[in-house]
file coords_31.cif (mmCIF, C-alpha atoms and all ligand atoms)
data_my_file
loop_
_atom_site.label_atom_id
_atom_site.label_comp_id
_atom_site.auth_asym_id
_atom_site.auth_seq_id
_atom_site.Cartn_x
_atom_site.Cartn_y
_atom_site.Cartn_z
CA MET A 1 92.41 98.95 81.38
CA GLY A 2 95.08 97.03 79.42
CA HIS A 3 94.66 98.82 76.09
CA GLY A 4 94.42 102.19 77.91
CA LEU A 5 97.77 101.48 79.57
CA ALA A 6 99.35 100.40 76.28
CA GLN A 7 98.07 103.63 74.73
CA ILE A 8 99.83 105.81 77.34
CA PHE A 9 103.26 104.30 76.66
CA ALA A 10 102.77 104.14 72.87
CA VAL A 11 101.85 107.84 72.71
CA TYR A 12 105.07 108.60 74.57
CA GLY A 13 107.02 106.72 71.86
CA CYS A 14 107.58 103.29 73.42
CA THR A 15 107.10 100.04 71.55
CA VAL A 16 104.49 98.12 73.57
CA GLY A 17 103.67 94.42 73.48
CA LEU A 18 99.95 94.03 74.23
CA MET A 19 98.99 90.52 75.26
CA ASP A 20 95.51 89.01 75.65
CA VAL A 21 94.10 85.52 75.32
CA LYS A 22 92.09 85.99 72.08
CA GLU A 23 92.81 87.70 68.74
CA GLY A 24 89.32 89.27 68.77
CA LEU A 25 90.03 91.04 72.06
CA LEU A 26 93.25 92.46 70.62
CA ASP A 27 91.38 93.78 67.55
CA ARG A 28 88.88 95.46 69.87
CA ALA A 29 91.73 96.91 71.95
CA ARG A 30 93.21 98.49 68.83
CA GLU A 31 89.83 99.96 67.87
CA ASN A 32 89.34 101.35 71.38
CA MET A 33 92.77 102.99 71.31
CA ARG A 34 92.01 104.54 67.92
CA ASN A 35 88.67 105.92 69.17
CA ASN A 36 90.22 107.28 72.40
CA LEU A 37 93.11 109.00 70.68
CA THR A 38 90.92 110.46 67.92
CA LEU A 39 88.45 111.88 70.43
CA MET A 40 91.29 113.30 72.52
CA ALA A 41 92.89 114.95 69.47
CA GLN A 42 89.53 116.47 68.51
CA LYS A 43 89.42 117.99 72.01
CA GLY A 44 92.94 119.39 71.70
CA ILE A 45 94.83 116.63 73.58
CA GLY A 46 97.45 115.35 71.13
CA ARG A 47 97.31 115.52 67.32
CA LEU A 48 95.29 113.53 64.81
CA GLU A 49 98.39 112.80 62.69
CA ASP A 50 100.00 111.07 65.71
CA VAL A 51 97.13 108.61 66.22
CA GLU A 52 98.10 105.90 63.69
CA PRO A 53 101.84 106.03 64.46
CA ALA A 54 101.04 105.52 68.17
CA ILE A 55 98.77 102.56 67.41
CA GLY A 56 101.49 101.17 65.15
CA ARG A 57 103.84 101.03 68.14
CA VAL A 58 101.49 98.60 69.95
CA VAL A 59 102.37 95.05 68.96
CA PRO A 60 99.43 92.71 69.70
CA THR A 61 100.05 89.08 70.60
CA THR A 62 98.40 86.12 72.30
CA ASP A 63 101.80 84.74 73.29
CA LEU A 64 103.08 85.91 76.68
CA LYS A 65 106.61 84.82 75.80
CA GLU A 66 106.61 87.08 72.75
CA ALA A 67 105.21 90.06 74.70
CA ALA A 68 107.75 89.60 77.50
CA LYS A 69 110.77 89.33 75.18
CA GLY A 70 112.98 92.42 75.61
CA ALA A 71 110.47 94.20 77.89
CA GLY A 72 111.84 96.85 80.25
CA PHE A 73 108.59 97.56 82.09
CA VAL A 74 105.52 95.32 82.30
CA VAL A 75 102.07 96.19 83.61
CA GLU A 76 99.73 93.27 84.28
CA ALA A 77 96.00 94.05 83.98
CA VAL A 78 94.23 90.66 83.92
CA ASN A 79 91.01 90.03 85.86
CA GLU A 80 91.08 90.79 89.59
CA ASN A 81 91.85 87.18 90.61
CA PRO A 82 94.74 86.53 93.05
CA LYS A 83 95.56 83.02 91.77
CA LEU A 84 95.60 84.14 88.11
CA LYS A 85 97.80 87.12 88.95
CA GLN A 86 100.23 84.95 90.96
CA GLU A 87 100.55 82.58 88.02
CA ILE A 88 101.12 85.44 85.53
CA PHE A 89 103.89 86.85 87.73
CA ARG A 90 105.50 83.42 88.08
CA GLN A 91 105.67 83.26 84.28
CA LEU A 92 106.72 86.90 83.79
CA ASP A 93 109.56 86.35 86.27
CA GLU A 94 110.85 83.53 84.06
CA LEU A 95 110.21 85.16 80.67
CA CYS A 96 111.24 88.82 81.13
CA PRO A 97 114.78 90.19 81.00
CA ALA A 98 116.50 90.22 84.42
CA ASP A 99 116.38 94.02 84.72
CA ALA A 100 112.68 94.39 83.78
CA ILE A 101 110.32 95.90 86.35
CA LEU A 102 107.06 93.97 86.79
CA ALA A 103 104.00 95.95 87.89
CA THR A 104 100.42 94.94 88.68
CA ASN A 105 97.41 97.18 88.14
CA THR A 106 95.41 95.41 90.85
CA SER A 107 92.72 97.52 92.50
CA VAL A 108 92.85 95.86 95.92
CA ILE A 109 94.93 92.68 96.06
CA SER A 110 98.13 92.63 98.14
CA ILE A 111 101.25 93.16 95.98
CA THR A 112 103.22 90.86 98.28
CA GLU A 113 100.65 88.10 97.74
CA ILE A 114 100.69 88.56 93.94
CA ALA A 115 104.52 88.31 93.92
CA GLN A 116 104.56 85.13 96.03
CA LYS A 117 105.39 82.62 93.27
CA ALA A 118 108.09 84.70 91.57
CA ARG A 119 111.76 84.16 92.44
CA VAL A 120 113.00 87.76 92.01
CA ARG A 121 110.45 89.71 94.03
CA GLU A 122 112.43 92.92 94.46
CA ARG A 123 111.34 94.11 91.02
CA ILE A 124 107.62 93.54 91.58
CA LEU A 125 105.40 96.43 92.66
CA GLY A 126 101.92 97.89 92.22
CA THR A 127 101.01 100.61 89.74
CA HIS A 128 97.37 101.42 90.38
CA PHE A 129 96.07 103.49 87.47
CA TRP A 130 92.58 105.02 87.52
CA ASN A 131 89.99 104.58 84.80
CA PRO A 132 90.31 105.91 82.11
CA PRO A 133 94.07 105.64 82.62
CA TYR A 134 94.97 107.87 79.64
CA LEU A 135 92.96 110.77 81.12
CA ILE A 136 93.35 110.44 84.90
CA PRO A 137 96.91 111.42 85.85
CA LEU A 138 97.20 109.62 89.21
CA VAL A 139 99.10 106.34 89.52
CA GLU A 140 99.63 104.89 93.00
CA VAL A 141 103.04 103.18 93.05
CA ILE A 142 102.80 100.57 95.78
CA ARG A 143 105.70 99.01 97.56
CA GLY A 144 105.29 95.30 98.31
CA ARG A 145 107.15 93.70 101.23
CA ASP A 146 110.09 92.75 98.98
CA THR A 147 110.09 95.67 96.49
CA SER A 148 113.47 97.40 96.15
CA GLU A 149 113.93 101.16 96.40
CA GLU A 150 115.53 101.04 92.95
CA ALA A 151 112.38 99.57 91.38
CA MET A 152 110.24 102.21 93.14
CA GLU A 153 112.46 105.08 91.92
CA LYS A 154 112.70 103.82 88.32
CA THR A 155 108.92 103.39 88.16
CA MET A 156 108.24 106.86 89.60
CA LYS A 157 110.55 108.36 86.97
CA LEU A 158 109.13 106.39 84.04
CA LEU A 159 105.55 107.29 84.96
CA THR A 160 106.49 110.96 85.27
CA ASP A 161 108.18 110.79 81.86
CA VAL A 162 105.03 109.41 80.21
CA GLY A 163 102.98 112.29 81.64
CA LYS A 164 101.38 110.61 84.67
CA HIS A 165 101.30 111.85 88.27
CA PRO A 166 102.78 108.96 90.27
CA VAL A 167 102.61 108.92 94.08
CA ARG A 168 104.37 106.59 96.50
CA VAL A 169 102.39 104.25 98.70
CA ASN A 170 104.83 103.00 101.34
CA LYS A 171 102.79 100.13 102.73
CA ASP A 172 101.02 97.28 100.94
CA VAL A 173 97.60 97.74 102.58
CA PRO A 174 94.18 96.80 101.08
CA GLY A 175 92.81 99.65 98.96
CA PHE A 176 96.16 101.50 99.01
CA VAL A 177 95.31 105.24 99.41
CA GLY A 178 92.77 106.31 96.76
CA ASN A 179 90.28 103.49 97.23
CA ARG A 180 90.45 103.70 101.03
CA LEU A 181 89.43 107.36 100.78
CA GLN A 182 86.83 106.73 98.11
CA HIS A 183 85.12 103.84 99.90
CA ALA A 184 85.10 105.59 103.27
CA LEU A 185 82.95 108.20 101.51
CA TRP A 186 80.78 105.61 99.72
CA ARG A 187 80.13 103.68 102.96
CA GLU A 188 78.81 106.84 104.59
CA ALA A 189 76.84 107.81 101.45
CA ILE A 190 75.03 104.43 101.36
CA SER A 191 74.43 104.57 105.12
CA ILE A 192 72.79 108.00 104.82
CA VAL A 193 70.37 106.60 102.22
CA GLU A 194 69.77 103.44 104.29
CA ARG A 195 68.94 105.47 107.40
CA GLY A 196 66.50 107.70 105.48
CA ILE A 197 68.49 110.88 106.16
CA ALA A 198 68.44 111.81 102.45
CA ASP A 199 67.76 110.02 99.16
CA ALA A 200 70.48 108.91 96.75
CA ALA A 201 70.14 111.89 94.37
CA THR A 202 70.40 114.32 97.31
CA VAL A 203 73.56 112.63 98.61
CA ASP A 204 75.16 113.14 95.20
CA GLU A 205 73.97 116.76 95.07
CA CYS A 206 75.69 117.42 98.41
CA VAL A 207 78.96 116.36 96.79
CA LYS A 208 78.54 117.83 93.28
CA TYR A 209 77.22 121.24 94.38
CA GLY A 210 79.12 121.35 97.68
CA PHE A 211 82.52 120.21 98.90
CA GLY A 212 83.14 118.32 95.62
CA LEU A 213 83.75 121.65 93.93
CA ARG A 214 86.75 122.27 96.18
CA LEU A 215 88.28 118.80 95.83
CA PRO A 216 90.21 119.30 92.54
CA VAL A 217 92.29 122.02 94.22
CA LEU A 218 91.99 121.24 97.93
CA GLY A 219 92.54 117.76 99.38
CA PRO A 220 91.40 116.85 102.92
CA MET A 221 94.80 117.27 104.55
CA GLU A 222 95.41 120.78 103.17
CA ASN A 223 91.77 121.58 104.00
CA ALA A 224 92.33 120.45 107.60
CA ASP A 225 95.29 122.81 107.93
CA MET A 226 93.33 125.60 106.24
CA VAL A 227 90.47 125.49 108.78
CA GLY A 228 92.84 124.65 111.64
CA THR A 229 93.60 121.36 113.37
CA ASP A 230 91.85 122.69 116.51
CA LEU A 231 88.57 123.03 114.61
CA VAL A 232 89.02 119.57 113.03
CA LEU A 233 89.52 118.13 116.54
CA ALA A 234 86.40 119.85 117.86
CA ILE A 235 84.32 118.55 114.91
CA HIS A 236 85.70 115.00 115.18
CA ASP A 237 85.15 114.98 118.92
CA TYR A 238 81.45 115.59 118.29
CA ILE A 239 80.74 113.76 115.03
CA LEU A 240 82.92 110.64 114.61
CA LYS A 241 80.79 108.46 116.91
CA HIS A 242 77.78 109.19 114.65
CA LEU A 243 79.45 108.13 111.38
CA GLU A 244 79.04 104.69 109.81
CA SER A 245 81.77 102.37 111.02
CA SER A 246 80.45 98.91 110.07
CA PRO A 247 83.18 96.52 108.83
CA ASP A 248 80.57 94.79 106.61
CA PRO A 249 78.88 95.94 103.39
CA SER A 250 75.56 97.67 104.05
CA PRO A 251 72.40 95.49 104.27
CA LEU A 252 70.74 97.86 101.76
CA LEU A 253 73.57 97.29 99.27
CA LYS A 254 73.31 93.50 99.74
CA GLU A 255 69.55 93.65 99.22
CA LYS A 256 69.96 95.64 95.97
CA VAL A 257 72.37 93.05 94.58
CA ARG A 258 70.15 90.16 95.72
CA ASN A 259 67.19 91.75 93.87
CA GLY A 260 69.18 92.26 90.67
CA GLU A 261 69.13 96.05 91.10
CA LEU A 262 72.66 96.44 89.77
CA GLY A 263 72.57 100.08 88.63
CA PHE A 264 73.18 101.16 85.02
CA LYS A 265 73.44 97.48 83.99
CA THR A 266 69.81 96.70 84.90
CA GLY A 267 68.22 100.18 84.82
CA ARG A 268 67.83 100.35 88.59
CA GLY A 269 70.25 100.58 91.51
CA PHE A 270 70.00 103.22 94.21
CA GLN A 271 68.13 105.21 91.53
CA GLU A 272 66.20 104.46 88.31
CA TRP A 273 68.14 104.76 85.01
CA SER A 274 66.66 104.85 81.50
CA PRO A 275 69.02 103.95 78.62
CA GLU A 276 69.10 107.68 77.68
CA GLU A 277 70.06 108.70 81.23
CA VAL A 278 72.80 106.06 81.32
CA GLU A 279 74.19 107.38 78.03
CA ARG A 280 73.93 111.00 79.23
CA SER A 281 75.76 110.21 82.47
CA ARG A 282 78.62 108.40 80.72
CA LYS A 283 78.97 111.18 78.14
CA ARG A 284 78.91 113.91 80.80
CA LEU A 285 81.75 112.18 82.66
CA GLN A 286 83.81 111.72 79.50
CA GLU A 287 83.35 115.36 78.41
CA HIS A 288 84.20 116.57 81.91
CA LEU A 289 87.38 114.49 82.13
CA LEU A 290 88.50 115.58 78.65
CA GLU A 291 87.98 119.20 79.65
CA VAL A 292 89.56 119.23 83.13
CA THR A 293 92.52 116.96 82.42
CA LYS A 294 93.55 119.13 79.44
CA GLY A 295 94.56 121.89 81.84
CA ILE A 296 96.26 119.75 84.50
CA ASP A 297 99.99 120.18 84.91
CA THR A 298 101.19 116.79 86.16
N1 LIG B 1 88.22 98.90 85.36
C1 LIG B 1 88.68 99.76 86.25
O1 LIG B 1 88.07 100.80 86.51
C2 LIG B 1 89.98 99.50 86.96
C3 LIG B 1 90.64 100.57 87.59
C4 LIG B 1 91.87 100.33 88.22
C5 LIG B 1 92.39 99.05 88.25
N2 LIG B 1 91.71 98.02 87.65
C6 LIG B 1 92.31 96.67 87.69
O2 LIG B 1 92.86 96.38 86.41
C7 LIG B 1 92.75 94.96 86.15
C8 LIG B 1 91.95 94.75 84.88
O3 LIG B 1 90.67 95.31 85.02
P1 LIG B 1 89.70 95.54 83.76
O4 LIG B 1 88.55 96.33 84.26
O5 LIG B 1 90.49 96.04 82.60
O6 LIG B 1 89.25 94.02 83.49
P2 LIG B 1 88.71 93.37 82.14
O7 LIG B 1 87.96 92.16 82.56
O8 LIG B 1 88.03 94.39 81.29
O9 LIG B 1 90.05 92.95 81.37
C9 LIG B 1 90.84 91.87 81.77
C10 LIG B 1 91.52 91.33 80.53
O10 LIG B 1 92.47 90.34 80.93
C11 LIG B 1 92.43 89.34 79.94
N3 LIG B 1 93.00 88.09 80.48
C12 LIG B 1 92.41 87.15 81.25
N4 LIG B 1 93.28 86.16 81.52
C13 LIG B 1 94.43 86.47 80.90
C14 LIG B 1 95.68 85.82 80.78
N5 LIG B 1 95.92 84.65 81.38
N6 LIG B 1 96.65 86.43 80.06
C15 LIG B 1 96.41 87.64 79.45
N7 LIG B 1 95.24 88.28 79.53
C16 LIG B 1 94.25 87.70 80.23
C17 LIG B 1 90.95 89.21 79.57
O11 LIG B 1 90.78 88.54 78.35
C18 LIG B 1 90.53 90.67 79.53
O12 LIG B 1 90.70 91.24 78.25
C19 LIG B 1 92.10 94.36 87.40
O13 LIG B 1 93.11 93.94 88.27
C20 LIG B 1 91.34 95.55 87.98
O14 LIG B 1 91.10 95.41 89.36
C21 LIG B 1 90.54 98.22 86.99
#
call {"tool": "encode", "arguments": {"input": "coords_31.cif", "output": "structure tokens", "more": "lines below"}}
Ligand SMILES: NC(=O)c1ccc[n+]([C@@H]2O[C@H](COP(=O)([O-])OP(=O)(O)OC[C@H]3O[C@@H](n4cnc5c(N)ncnc54)[C@H](O)[C@@H]3O)[C@@H](O)[C@H]2O)c1
result
Amino acid sequence: MGHGLAQIFAVYGCTVGLMDVKEGLLDRARENMRNNLTLMAQKGIGRLEDVEPAIGRVVPTTDLKEAAKGAGFVVEAVNENPKLKQEIFRQLDELCPADAILATNTSVISITEIAQKARVRERILGTHFWNPPYLIPLVEVIRGRDTSEEAMEKTMKLLTDVGKHPVRVNKDVPGFVGNRLQHALWREAISIVERGIADAATVDECVKYGFGLRLPVLGPMENADMVGTDLVLAIHDYILKHLESSPDPSPLLKEKVRNGELGFKTGRGFQEWSPEEVERSRKRLQEHLLEVTKGIDT
């Protein structure tokens, strides 16, 4: 995620310090950015002649002090480890200019917990980008317990300026908004397979050829108003007690992991995957995102 985030700000014209622990990782980050931007330009998103200048604005370093020097806005994207993130924010708090905003790209960890060891916590917040961050417009801007309104507003404006679609998340709850919605759906999807109601491919077909087609233009709340809250109530009255509500991961999911059936990584998960199918799936997603995000007005 880190190089994808650097790419967004560099394309907009910012000088970006990109910090990682090894030179080799920074070289790979630069190569990834070059490949992403070239592919995007070939698809009509940006221009080929802007690729190298953008990459030139990313200054790689293995020294956090150097990256933090003069920074106005910092996004942390280290591994999803609460202790590591707390320590990074303790250091960033000491190293960054007093008016810098410090953001974490955590997927699920509490922003308040991550900020715990920093002294100035008002300027710490969450910016949850979605992968790949240079194509998916959404960024959830999450308010921690101590985050100031000023930091929230400045971040919303900056993200809008760099072409993203930021949204405010007013409470620091696990999963924020997007992942709560996504995993409510995944829990039910896995449960349907586990209970033998339909197989994994059929579950996906029900989304891809069904209500999934409406989702890019019609979210659940607008959809509820469209069909009428009275109908939603009648449906929920009947169906909610039948939906999966376990607070624990599914036994089927645990069994898959125990057996080393890890999905694309091992060629088998809920379904079987040959190397060609894995490649085809990844390519299809990339082509789709390049196509649909081109037309989105953020
Ligand atoms: N991958 C996704 O789809 C996705 C989506 C949204 C949010 N996130 C979040 O973004 C963060 C990064 O995820 P990722 O998938 O890019 O992980 P990753 O493992 O690919 O990258 C983490 C990077 O952090 C570096 N790192 C480790 N310790 C460091 C340190 N002390 N200082 C500087 N760099 C250090 C690692 O060398 C590595 O390059 C996580 O918090 C993750 O939950 C990931």
call {"tool": "atom_distance", "arguments": {"input": "coords_31.cif", "atom1": "atom N5 of ligand LIG 1 (chain B)", "atom2": "CA of Met156 in chain A"}}
result
26.7 Å
call {"tool": "closest_residue", "arguments": {"input": "coords_31.cif", "among": "A:Arg34, A:Arg145, A:Arg90, A:Lys157", "to": "ligand LIG 1 (chain B)", "atoms": "only C-alpha atoms and all ligand atoms"}}
result
A:Arg90
call {"tool": "closest_residue", "arguments": {"input": "coords_31.cif", "among": "A:Pro60, A:Gly4, A:Pro137, A:Gly212", "to": "Gly24 in chain A", "atoms": "only C-alpha atoms"}}
result
A:Pro60
call {"tool": "closest_residue", "arguments": {"input": "coords_31.cif", "among": "A:Thr155, A:Asn131, A:Ser274, A:Thr266", "to": "ligand LIG 1 (chain B)", "atoms": "only C-alpha atoms and all ligand atoms"}}
result
A:Asn131
call {"tool": "residues_around", "arguments": {"input": "coords_31.cif", "residues": "Ile55 in chain A", "least_positions_apart": "6", "cutoff": "9 Å", "atoms": "all atoms listed in the file", "output": "VMD selection string"}}
result
chain A and resid 7 10 to 11 30 33 to 34
call {"tool": "write_last_selection", "arguments": {"input": "coords_31.cif", "atoms": "C-alpha atoms", "output": "compact mmCIF listing (two decimals), in the coordinates of the input"}}
result
# COMPACT_ATOMS: atom_id res chain seq x y z
CA GLN A 7 98.07 103.63 74.73
CA ALA A 10 102.77 104.14 72.87
CA VAL A 11 101.85 107.84 72.71
CA ARG A 30 93.21 98.49 68.83
CA MET A 33 92.77 102.99 71.31
CA ARG A 34 92.01 104.54 67.92
call {"tool": "residues_near_ligand", "arguments": {"input": "coords_31.cif", "ligand": "ligand LIG 1 (chain B)", "cutoff": "10 Å", "atoms": "all atoms listed in the file", "output": "ChimeraX atom specification"}}
result
/A:1-5,18-26,28-29,61-64,75-82,84-85,87-88,104-109,127-133,139,179
call {"tool": "residues_around", "arguments": {"input": "coords_31.cif", "residues": "Glu94 in chain A", "least_positions_apart": "6", "cutoff": "10 Å", "atoms": "all atoms listed in the file", "output": "list in words"}}
result
Lys65, Ala68, Ala118, Arg119 and Val120 of chain A
call {"tool": "atom_distance", "arguments": {"input": "coords_31.cif", "atom1": "CA of Leu289 in chain A", "atom2": "CA of Ile136 in chain A"}}
result
7.7 Å
call {"tool": "closest_residue", "arguments": {"input": "coords_31.cif", "among": "A:Cys206, A:Glu194, A:Lys283, A:Arg187", "to": "Pro249 in chain A", "atoms": "all atoms listed in the file"}}
result
A:Arg187
call {"tool": "closest_residue", "arguments": {"input": "coords_31.cif", "among": "A:Leu92, A:Val292, A:Ala189, A:Ala54", "to": "Gly70 in chain A", "atoms": "only C-alpha atoms"}}
result
A:Leu92
call {"tool": "atom_distance", "arguments": {"input": "coords_31.cif", "atom1": "CA of Phe176 in chain A", "atom2": "CA of Cys14 in chain A"}}
result
28.1 Å
call {"tool": "closest_residue", "arguments": {"input": "coords_31.cif", "among": "A:Thr112, A:Asn36, A:Thr229, A:Gln182", "to": "Gln286 in chain A", "atoms": "only C-alpha atoms"}}
result
A:Asn36
call {"tool": "residues_around", "arguments": {"input": "coords_31.cif", "residues": "Asp99 in chain A", "least_positions_apart": "4", "cutoff": "10 Å", "atoms": "only C-alpha atoms", "output": "list in words"}}
result
Gly70, Ala71, Gly72, Phe73, Arg123 and Ala151 of chain A
call {"tool": "residues_around", "arguments": {"input": "coords_31.cif", "residues": "Gln116 in chain A", "least_positions_apart": "5", "cutoff": "9 Å", "atoms": "all atoms listed in the file", "output": "MDAnalysis selection string"}}
result
chainID A and resid 86 89:90 111 121
call {"tool": "decode", "arguments": {"input": "coords_31.cif", "residues": "range 118-196 of chain A", "atoms": "C-alpha atoms", "output": "PDB file, in the first residue's frame"}}
result
ATOM      1  CA  ALA A 118       2.246  10.074  21.127  1.00  0.00           C
ATOM      2  CA  ARG A 119       2.087  13.325  23.098  1.00  0.00           C
ATOM      3  CA  VAL A 120       0.101  15.433  20.580  1.00  0.00           C
ATOM      4  CA  ARG A 121      -2.797  13.139  19.757  1.00  0.00           C
ATOM      5  CA  GLU A 122      -5.151  15.734  18.278  1.00  0.00           C
ATOM      6  CA  ARG A 123      -3.374  15.510  14.926  1.00  0.00           C
ATOM      7  CA  ILE A 124      -3.568  11.712  14.650  1.00  0.00           C
ATOM      8  CA  LEU A 125      -6.361  10.107  12.632  1.00  0.00           C
ATOM      9  CA  GLY A 126      -7.117   7.183  10.332  1.00  0.00           C
ATOM     10  CA  THR A 127      -7.069   7.338   6.540  1.00  0.00           C
ATOM     11  CA  HIS A 128      -8.224   3.946   5.351  1.00  0.00           C
ATOM     12  CA  PHE A 129      -7.425   3.644   1.643  1.00  0.00           C
ATOM     13  CA  TRP A 130      -8.600   0.649  -0.401  1.00  0.00           C
ATOM     14  CA  ASN A 131      -6.365  -1.516  -2.549  1.00  0.00           C
ATOM     15  CA  PRO A 132      -5.198  -0.482  -5.124  1.00  0.00           C
ATOM     16  CA  PRO A 133      -5.250   2.988  -3.553  1.00  0.00           C
ATOM     17  CA  TYR A 134      -4.422   4.837  -6.800  1.00  0.00           C
ATOM     18  CA  LEU A 135      -7.518   3.369  -8.497  1.00  0.00           C
ATOM     19  CA  ILE A 136     -10.146   3.079  -5.750  1.00  0.00           C
ATOM     20  CA  PRO A 137     -11.358   6.580  -4.843  1.00  0.00           C
ATOM     21  CA  LEU A 138     -12.706   5.909  -1.331  1.00  0.00           C
ATOM     22  CA  VAL A 139     -10.726   6.901   1.754  1.00  0.00           C
ATOM     23  CA  GLU A 140     -12.386   6.528   5.157  1.00  0.00           C
ATOM     24  CA  VAL A 141     -11.166   9.379   7.370  1.00  0.00           C
ATOM     25  CA  ILE A 142     -11.530   8.104  10.923  1.00  0.00           C
ATOM     26  CA  ARG A 143     -11.739  10.249  13.988  1.00  0.00           C
ATOM     27  CA  GLY A 144      -9.897   8.858  17.021  1.00  0.00           C
ATOM     28  CA  ARG A 145     -10.977   9.805  20.547  1.00  0.00           C
ATOM     29  CA  ASP A 146      -8.543  12.750  20.629  1.00  0.00           C
ATOM     30  CA  THR A 147      -8.566  13.824  16.939  1.00  0.00           C
ATOM     31  CA  SER A 148      -9.312  17.530  16.426  1.00  0.00           C
ATOM     32  CA  GLU A 149     -11.948  18.825  14.015  1.00  0.00           C
ATOM     33  CA  GLU A 150      -9.199  20.870  12.357  1.00  0.00           C
ATOM     34  CA  ALA A 151      -7.174  17.738  11.531  1.00  0.00           C
ATOM     35  CA  MET A 152     -10.316  16.043  10.147  1.00  0.00           C
ATOM     36  CA  GLU A 153     -11.180  19.042   7.933  1.00  0.00           C
ATOM     37  CA  LYS A 154      -7.629  19.533   6.615  1.00  0.00           C
ATOM     38  CA  THR A 155      -7.378  15.832   5.762  1.00  0.00           C
ATOM     39  CA  MET A 156     -10.759  15.774   3.995  1.00  0.00           C
ATOM     40  CA  LYS A 157      -9.670  18.761   1.893  1.00  0.00           C
ATOM     41  CA  LEU A 158      -6.221  17.381   1.047  1.00  0.00           C
ATOM     42  CA  LEU A 159      -7.640  14.024  -0.021  1.00  0.00           C
ATOM     43  CA  THR A 160     -10.244  15.740  -2.193  1.00  0.00           C
ATOM     44  CA  ASP A 161      -7.486  17.855  -3.772  1.00  0.00           C
ATOM     45  CA  VAL A 162      -5.461  14.764  -4.712  1.00  0.00           C
ATOM     46  CA  GLY A 163      -8.516  13.259  -6.448  1.00  0.00           C
ATOM     47  CA  LYS A 164      -9.768  10.858  -3.761  1.00  0.00           C
ATOM     48  CA  HIS A 165     -13.299  10.516  -2.385  1.00  0.00           C
ATOM     49  CA  PRO A 166     -12.853  10.932   1.383  1.00  0.00           C
ATOM     50  CA  VAL A 167     -15.719  10.171   3.789  1.00  0.00           C
ATOM     51  CA  ARG A 168     -15.950  10.930   7.491  1.00  0.00           C
ATOM     52  CA  VAL A 169     -16.161   8.139  10.022  1.00  0.00           C
ATOM     53  CA  ASN A 170     -17.237   9.771  13.281  1.00  0.00           C
ATOM     54  CA  LYS A 171     -16.486   6.914  15.661  1.00  0.00           C
ATOM     55  CA  ASP A 172     -13.347   4.823  16.069  1.00  0.00           C
ATOM     56  CA  VAL A 173     -15.017   1.393  15.825  1.00  0.00           C
ATOM     57  CA  PRO A 174     -13.405  -1.873  14.588  1.00  0.00           C
ATOM     58  CA  GLY A 175     -13.727  -2.188  10.802  1.00  0.00           C
ATOM     59  CA  PHE A 176     -14.834   1.465  10.449  1.00  0.00           C
ATOM     60  CA  VAL A 177     -17.623   1.468   7.776  1.00  0.00           C
ATOM     61  CA  GLY A 178     -16.419  -0.300   4.607  1.00  0.00           C
ATOM     62  CA  ASN A 179     -15.027  -3.429   6.233  1.00  0.00           C
ATOM     63  CA  ARG A 180     -18.038  -3.807   8.549  1.00  0.00           C
ATOM     64  CA  LEU A 181     -20.281  -3.875   5.479  1.00  0.00           C
ATOM     65  CA  GLN A 182     -17.952  -6.109   3.500  1.00  0.00           C
ATOM     66  CA  HIS A 183     -17.476  -8.713   6.233  1.00  0.00           C
ATOM     67  CA  ALA A 184     -21.168  -8.835   7.119  1.00  0.00           C
ATOM     68  CA  LEU A 185     -21.635 -10.004   3.515  1.00  0.00           C
ATOM     69  CA  TRP A 186     -18.668 -12.420   3.630  1.00  0.00           C
ATOM     70  CA  ARG A 187     -19.880 -14.007   6.898  1.00  0.00           C
ATOM     71  CA  GLU A 188     -23.239 -14.774   5.293  1.00  0.00           C
ATOM     72  CA  ALA A 189     -21.573 -15.952   2.045  1.00  0.00           C
ATOM     73  CA  ILE A 190     -19.368 -18.470   3.911  1.00  0.00           C
ATOM     74  CA  SER A 191     -22.322 -19.599   6.034  1.00  0.00           C
ATOM     75  CA  ILE A 192     -24.404 -20.309   2.918  1.00  0.00           C
ATOM     76  CA  VAL A 193     -21.622 -22.564   1.591  1.00  0.00           C
ATOM     77  CA  GLU A 194     -21.145 -24.204   5.003  1.00  0.00           C
ATOM     78  CA  ARG A 195     -24.852 -25.004   5.298  1.00  0.00           C
ATOM     79  CA  GLY A 196     -24.951 -26.514   1.786  1.00  0.00           C
TER      80      GLY A 196
END
